[in-house]
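Asks: Sharing a structure, written as C-alpha cells. Questions coming.
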Amino acid sequence: YDLKKGFPKNFLWGGATAACQIEGAYDIDGRSLSTSDIHCYHVDVDRKLTVEDEHTAESLQAAMNDTTSYFPKRQGNDFYHRYKEDIALMKEMGFKSFRLSIAWPRIFPQGDELEPNEAGLAFYDQVIDEIVNNGMEPIVTMLHYDIPLNIVTKYGGFKNKAVIEMMVRYGKVLLERYADRVHYWIPFNQINLIQYCGFKSLGLVLDQSENFEEDQYRAIHNQFLINAKLKEIAKEMPENPQIGIMLADCTFYPHTCKPENVSFAMTRNRMQYFFSDVALRGSYPRPMLRWFSENNIHFEITEEDERLLQDNPSDYLAFSYYYSRTVDASINSMDAADITDNPYLKANDWGWTIDPLGFYNSMSQYWDRYQKPLMVTENGFGYQDVFENETVHDDYRIDYLREHIKAMKEAVKDGVELLGYLPWGPIDLVSSGTAEMSKRYGFVYVDYNDLGEGTGDRYKKDSFDWYKKVIESNGEEL
Ligand code: BG6
C-alpha cells in the first residue's frame with residue numbers, strides 16, 4: 001500500500017459563498033425577489049440555533065410588503081460591484097477554486113419563463129471569466145436558498161411537480177453556457193437540511209399544506225428527480241460536467257453507550273444518509289420507506305422515477321461540516337434540530353461545537369459507505385471579530401481551521417478521495433441562519449455592520465496570511 005503522505009497536487013484549496021449572502025444588487029437587471037430576500041434582520045435576534053425559516057401565507061405577504069425593515073441579504077457584502085477586488089484577494093491567497101452560486105431570480109426572474117434573462121447571464125459571464133482568468137476553478141451551486149418568490153406564491157414551491165421542469169430548464173441553461181469553464185456543479189445546497197430550511201430551500205409555506213412533513217418529502221423527491229435529470233443532461237455533454245449531491249453534515253453521536261442511545265443515533269444517521277443514498281446509490285433505502293409508511297407520509301415514486309434515479313447517480317458527494325451533533329433516545333424525534341449537549345466539546349456564541357474529530361469521522365463514514373469522491377464545500381468558525389487598526393487577530397479561527405485540515409490529512413492517509421477544501425465565507429458575508437453580518441467567517445474583514453452600515457471596504461485578517469501559507473505548502477505548513 002502506497003501511504004499517501006499529504007494532499008494530492010491538484011487539491012482544490014479555496015473558499016465558498018452563496019449569491020444571496022454576497023451579491024446584493026437585488027433589483028438590478030430584471031432580478032426578482034427570492035426566498036432569502038425577505039429574511040429580515042432583528043436586532044434582538046436569538047443567537048441560538050433556531051428555526052427562523054418558517055412562513056405562513058400571512059407572514060410571507062407581510063414580509064413581501066414590508067418597506068421599513070432591513071433585509072441584509074438584499075445587500076450582501078456588495079460582491080456584485082466588488083467581485084474583481086474580491087477575486088483578486090482570493091488569488092493573492094493562492095486559491096485554486098472558488099465556490100459561488102448563481103441566483104435563479106437573475107436568470108429566470110419569475111422561475112417559469114421559457115427564455116432566460118440575458119442581463120442576468122451577462123453578469124455571471126464576467127464573474128466566471130474573472131475567476132478562471134485568475135487561475136481558479138469555479139465550483140457552482142445552482143440553488144442556494146434563493147428560489148424566485150413567484151415559485152412559492154404561484155406554485156407552492158418544490159412540492160409541485162411543475163417546478164421540476166422549471167428548475168431543469170434553468171440548470172440546462174447554466175450547463176450549456178458554462179460547462180466549458182465549470183467542471184463541478186452542485187444543483188442544491190445542503191439538500192438534507194429540510195427541517196431548518198423548509199421555506200428557503202423547498203419553498204414551502206406552513207399553512208399551505210395539509211401534511212407539512214409529507215410535503216417536505218414530496219418536495220425532496222422532486223429535487224432528487226431534478227438532480228438526476230441534470231446528470232442525464234450532463235453525461236451527454238462533451239465537457240463531462242460533474243454533478244454532485246450536497247449534504248450539511250449531521251452525523252450524530254449517541255449521548256451514552258446505552259444501547260438505546262446507540263441505536264437511536266444510528267437511526268438519526270440513516271435519516272441523513274437517506275439523501276445521499278438516493279442520489280449516489282440511485283434508490284430509496286428500505287428503512288426510509290418503512291419510516292414513510294409508519295409516519296403517514298405518502299407520495300408517488302413511479303417506475304419512471306426509479307429508472308431515472310437508478311441510471312443517473314451523482315458523481316461526487318459535497319458536504320459542509322461545522323460541528324457534530326449528539327442525541328439521546330429520550331428525544332425521540334427525527335428533527336435534525338433536536339439534539340442534546342455534548343459535555344466534551346466547547347462551542348461558539350451560537351452553540352456550534354468545535355469538533356475536528358467529528359469531521360474525520362464523517363469523512364470516513366461517507367467514504368466507507370459510498371467510495372465516491374468527497375468535496376468539503378463548507379467548513380468554518382463564525383465569530384464576532386474585533387476589528388482594530390484595520391485588521392482582526394483571529395487566532396481562534398486559525399486554530400479551528402488548522403485542526404480541521406489536520407483531520408482531512410488523516411482521512412487522506414486512509415485513502416479517502418478528497419477533491420478539495422472550501423471553507424465558508426472567505427470574505428465576510430451575511431449569515432444564512434440569522435442574517436447578521438457580525439457572525440463572521442472570513443479571512444478578509446468587510447466593513448459592514450448588522451444594519452448594513454459601513455464603507456464595505458475589505459481588510460486582511462491574520463488568517464489571510466496563514467491560509468495563504470497553507471495553500472502554498474499544500475497543507476504542510478499549518
Ligand atoms: C450553511 C449554509 O448551512 O451554513 C450557508 O450553506 C451558511 O449558506 C453556513 O451561511 C453558515 O451558517 P450561518 O447561519 O452561520 O450563516
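In the C-alpha cells, each chain is lettered A, B, ... as it comes, each chain's residues begin at 1, and ligands are numbered from 1 in order of appearance.
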Could you tell me, counting only C-alpha atoms and all ligand atoms, which protein and nucleic acid residues lie no more than 10 Å from ligand 1, written as a ChimeraX atom specification?
Replies: /A:16-21,47,49-50,144-145,188-191,193,196-197,246-249,319-322,350,352,377-383,423-425,429-441
Asks: Atoms to include: C-alpha atoms. Write the selected residues as a PDB file, in the first residue's frame.
Replies:
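File result_36.pdb, as written:
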```
ATOM      1  CA  ALA A  16     -17.214  29.010  -0.630  1.00  0.00           C
ATOM      2  CA  THR A  17     -20.038  31.542  -0.858  1.00  0.00           C
ATOM      3  CA  ALA A  18     -23.671  31.912  -1.915  1.00  0.00           C
ATOM      4  CA  ALA A  19     -25.201  34.577  -4.155  1.00  0.00           C
ATOM      5  CA  CYS A  20     -27.891  35.520  -1.640  1.00  0.00           C
ATOM      6  CA  GLN A  21     -25.306  36.227   1.059  1.00  0.00           C
ATOM      7  CA  ARG A  47     -28.168  33.614  18.514  1.00  0.00           C
ATOM      8  CA  LEU A  49     -29.895  27.661  16.576  1.00  0.00           C
ATOM      9  CA  THR A  50     -33.482  28.394  15.769  1.00  0.00           C
ATOM     10  CA  HIS A 144     -28.535  28.124  -2.641  1.00  0.00           C
ATOM     11  CA  TYR A 145     -31.634  29.283  -0.766  1.00  0.00           C
ATOM     12  CA  PHE A 188     -28.877  22.005  -4.484  1.00  0.00           C
ATOM     13  CA  ASN A 189     -27.104  23.402  -1.467  1.00  0.00           C
ATOM     14  CA  GLN A 190     -27.383  21.058   1.546  1.00  0.00           C
ATOM     15  CA  ILE A 191     -30.305  19.054   0.219  1.00  0.00           C
ATOM     16  CA  LEU A 193     -31.434  20.359   5.758  1.00  0.00           C
ATOM     17  CA  TYR A 196     -34.202  24.168   9.119  1.00  0.00           C
ATOM     18  CA  CYS A 197     -34.747  25.355   5.591  1.00  0.00           C
ATOM     19  CA  MET A 246     -24.531  18.091  -1.208  1.00  0.00           C
ATOM     20  CA  LEU A 247     -25.254  17.370   2.442  1.00  0.00           C
ATOM     21  CA  ALA A 248     -24.983  19.518   5.519  1.00  0.00           C
ATOM     22  CA  ASP A 249     -23.128  17.062   7.668  1.00  0.00           C
ATOM     23  CA  PHE A 319     -20.702  18.335   2.167  1.00  0.00           C
ATOM     24  CA  SER A 320     -20.439  21.113   4.699  1.00  0.00           C
ATOM     25  CA  TYR A 321     -19.084  20.444   8.148  1.00  0.00           C
ATOM     26  CA  TYR A 322     -19.288  22.885  11.022  1.00  0.00           C
ATOM     27  CA  TRP A 350     -24.131  30.397  18.543  1.00  0.00           C
ATOM     28  CA  TRP A 352     -21.889  25.411  17.357  1.00  0.00           C
ATOM     29  CA  THR A 377     -17.696  22.614   0.271  1.00  0.00           C
ATOM     30  CA  GLU A 378     -18.058  24.423   3.610  1.00  0.00           C
ATOM     31  CA  ASN A 379     -16.286  24.477   6.952  1.00  0.00           C
ATOM     32  CA  GLY A 380     -15.533  27.285   9.330  1.00  0.00           C
ATOM     33  CA  PHE A 381     -15.916  29.185  12.513  1.00  0.00           C
ATOM     34  CA  GLY A 382     -18.405  32.021  12.912  1.00  0.00           C
ATOM     35  CA  TYR A 383     -17.203  34.614  15.381  1.00  0.00           C
ATOM     36  CA  PRO A 423     -14.030  26.944   3.878  1.00  0.00           C
ATOM     37  CA  TRP A 424     -17.140  29.050   4.233  1.00  0.00           C
ATOM     38  CA  GLY A 425     -17.240  32.799   3.625  1.00  0.00           C
ATOM     39  CA  LEU A 429     -20.749  37.792   4.323  1.00  0.00           C
ATOM     40  CA  VAL A 430     -24.279  37.851   5.693  1.00  0.00           C
ATOM     41  CA  SER A 431     -25.192  34.882   7.905  1.00  0.00           C
ATOM     42  CA  SER A 432     -27.687  32.499   6.409  1.00  0.00           C
ATOM     43  CA  GLY A 433     -29.313  31.484   9.680  1.00  0.00           C
ATOM     44  CA  THR A 434     -29.573  34.817  11.487  1.00  0.00           C
ATOM     45  CA  ALA A 435     -28.986  37.404   8.723  1.00  0.00           C
ATOM     46  CA  GLU A 436     -26.313  39.015  10.874  1.00  0.00           C
ATOM     47  CA  MET A 437     -23.112  40.442   9.470  1.00  0.00           C
ATOM     48  CA  SER A 438     -21.391  40.054  12.821  1.00  0.00           C
ATOM     49  CA  LYS A 439     -21.207  36.257  12.586  1.00  0.00           C
ATOM     50  CA  ARG A 440     -18.034  36.361  10.551  1.00  0.00           C
ATOM     51  CA  TYR A 441     -16.118  33.534   8.887  1.00  0.00           C
TER      52      TYR A 441
END
```
Asks: Just to confirm, what's the straight-line distance from atom CA of Ile405 of chain A to atom CA of Glu417 of chain A in Å (one decimal)?
Replies: 14.6 Å
Asks: Could you check how far atom CA of Asp338 of chain A sits from atom CA of Ala407 of chain A, in Å to one decimal?
Replies: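 Rounded to one decimal, the two atoms are 26.3 Å apart.
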Asks: Select from segment 82-275 of chain A everything DSSP, run on the backbone, classes as alpha helix (DSSP H), then give the selection as a count of residues only.
Replies: 96
Asks: Just the residues within 10 Å of Ile354 of chain A, please, counting only C-alpha atoms, with nothing from its chain fewer than 4 positions along; format it as a PyMOL selection string.
Replies: chain A and resi 322-324+344-348+358-359+380-381+400+403-404
Asks: Filtering to N, CA and C atoms, could you give me those residues as a compact mmCIF listing (two decimals), in the first residue's frame?
Replies:
```
# COMPACT_ATOMS: atom_id res chain seq x y z
N TYR A 322 -19.57 21.83 10.04
CA TYR A 322 -19.29 22.88 11.02
C TYR A 322 -19.08 22.29 12.41
N TYR A 323 -19.97 21.37 12.79
CA TYR A 323 -19.94 20.84 14.17
C TYR A 323 -20.63 19.48 14.20
N SER A 324 -20.36 18.75 15.26
CA SER A 324 -21.02 17.45 15.41
C SER A 324 -22.27 17.62 16.26
N TYR A 344 -18.26 17.13 26.25
CA TYR A 344 -16.82 17.08 25.95
C TYR A 344 -16.36 18.18 25.01
N LEU A 345 -17.30 18.94 24.49
CA LEU A 345 -16.94 19.90 23.43
C LEU A 345 -17.24 21.34 23.82
N LYS A 346 -16.36 22.24 23.37
CA LYS A 346 -16.63 23.68 23.54
C LYS A 346 -17.45 24.16 22.34
N ALA A 347 -18.12 25.29 22.52
CA ALA A 347 -18.95 25.81 21.43
C ALA A 347 -18.72 27.31 21.26
N ASN A 348 -19.12 27.83 20.11
CA ASN A 348 -19.03 29.29 19.91
C ASN A 348 -20.31 29.96 20.44
N GLY A 358 -14.90 14.84 14.86
CA GLY A 358 -16.20 14.56 14.24
C GLY A 358 -16.12 14.70 12.73
N PHE A 359 -15.31 15.64 12.27
CA PHE A 359 -15.10 15.86 10.84
C PHE A 359 -14.42 14.62 10.22
N GLY A 380 -15.97 25.99 8.83
CA GLY A 380 -15.53 27.29 9.33
C GLY A 380 -16.09 27.62 10.69
N PHE A 381 -15.66 28.78 11.14
CA PHE A 381 -15.92 29.19 12.51
C PHE A 381 -16.48 30.61 12.53
N TYR A 400 -9.14 26.71 14.72
CA TYR A 400 -10.25 25.85 14.27
C TYR A 400 -9.91 25.24 12.91
N GLU A 403 -6.99 22.58 12.89
CA GLU A 403 -7.36 21.24 13.39
C GLU A 403 -8.23 20.49 12.38
N HIS A 404 -9.04 21.22 11.65
CA HIS A 404 -9.90 20.56 10.66
C HIS A 404 -9.09 20.12 9.44
```
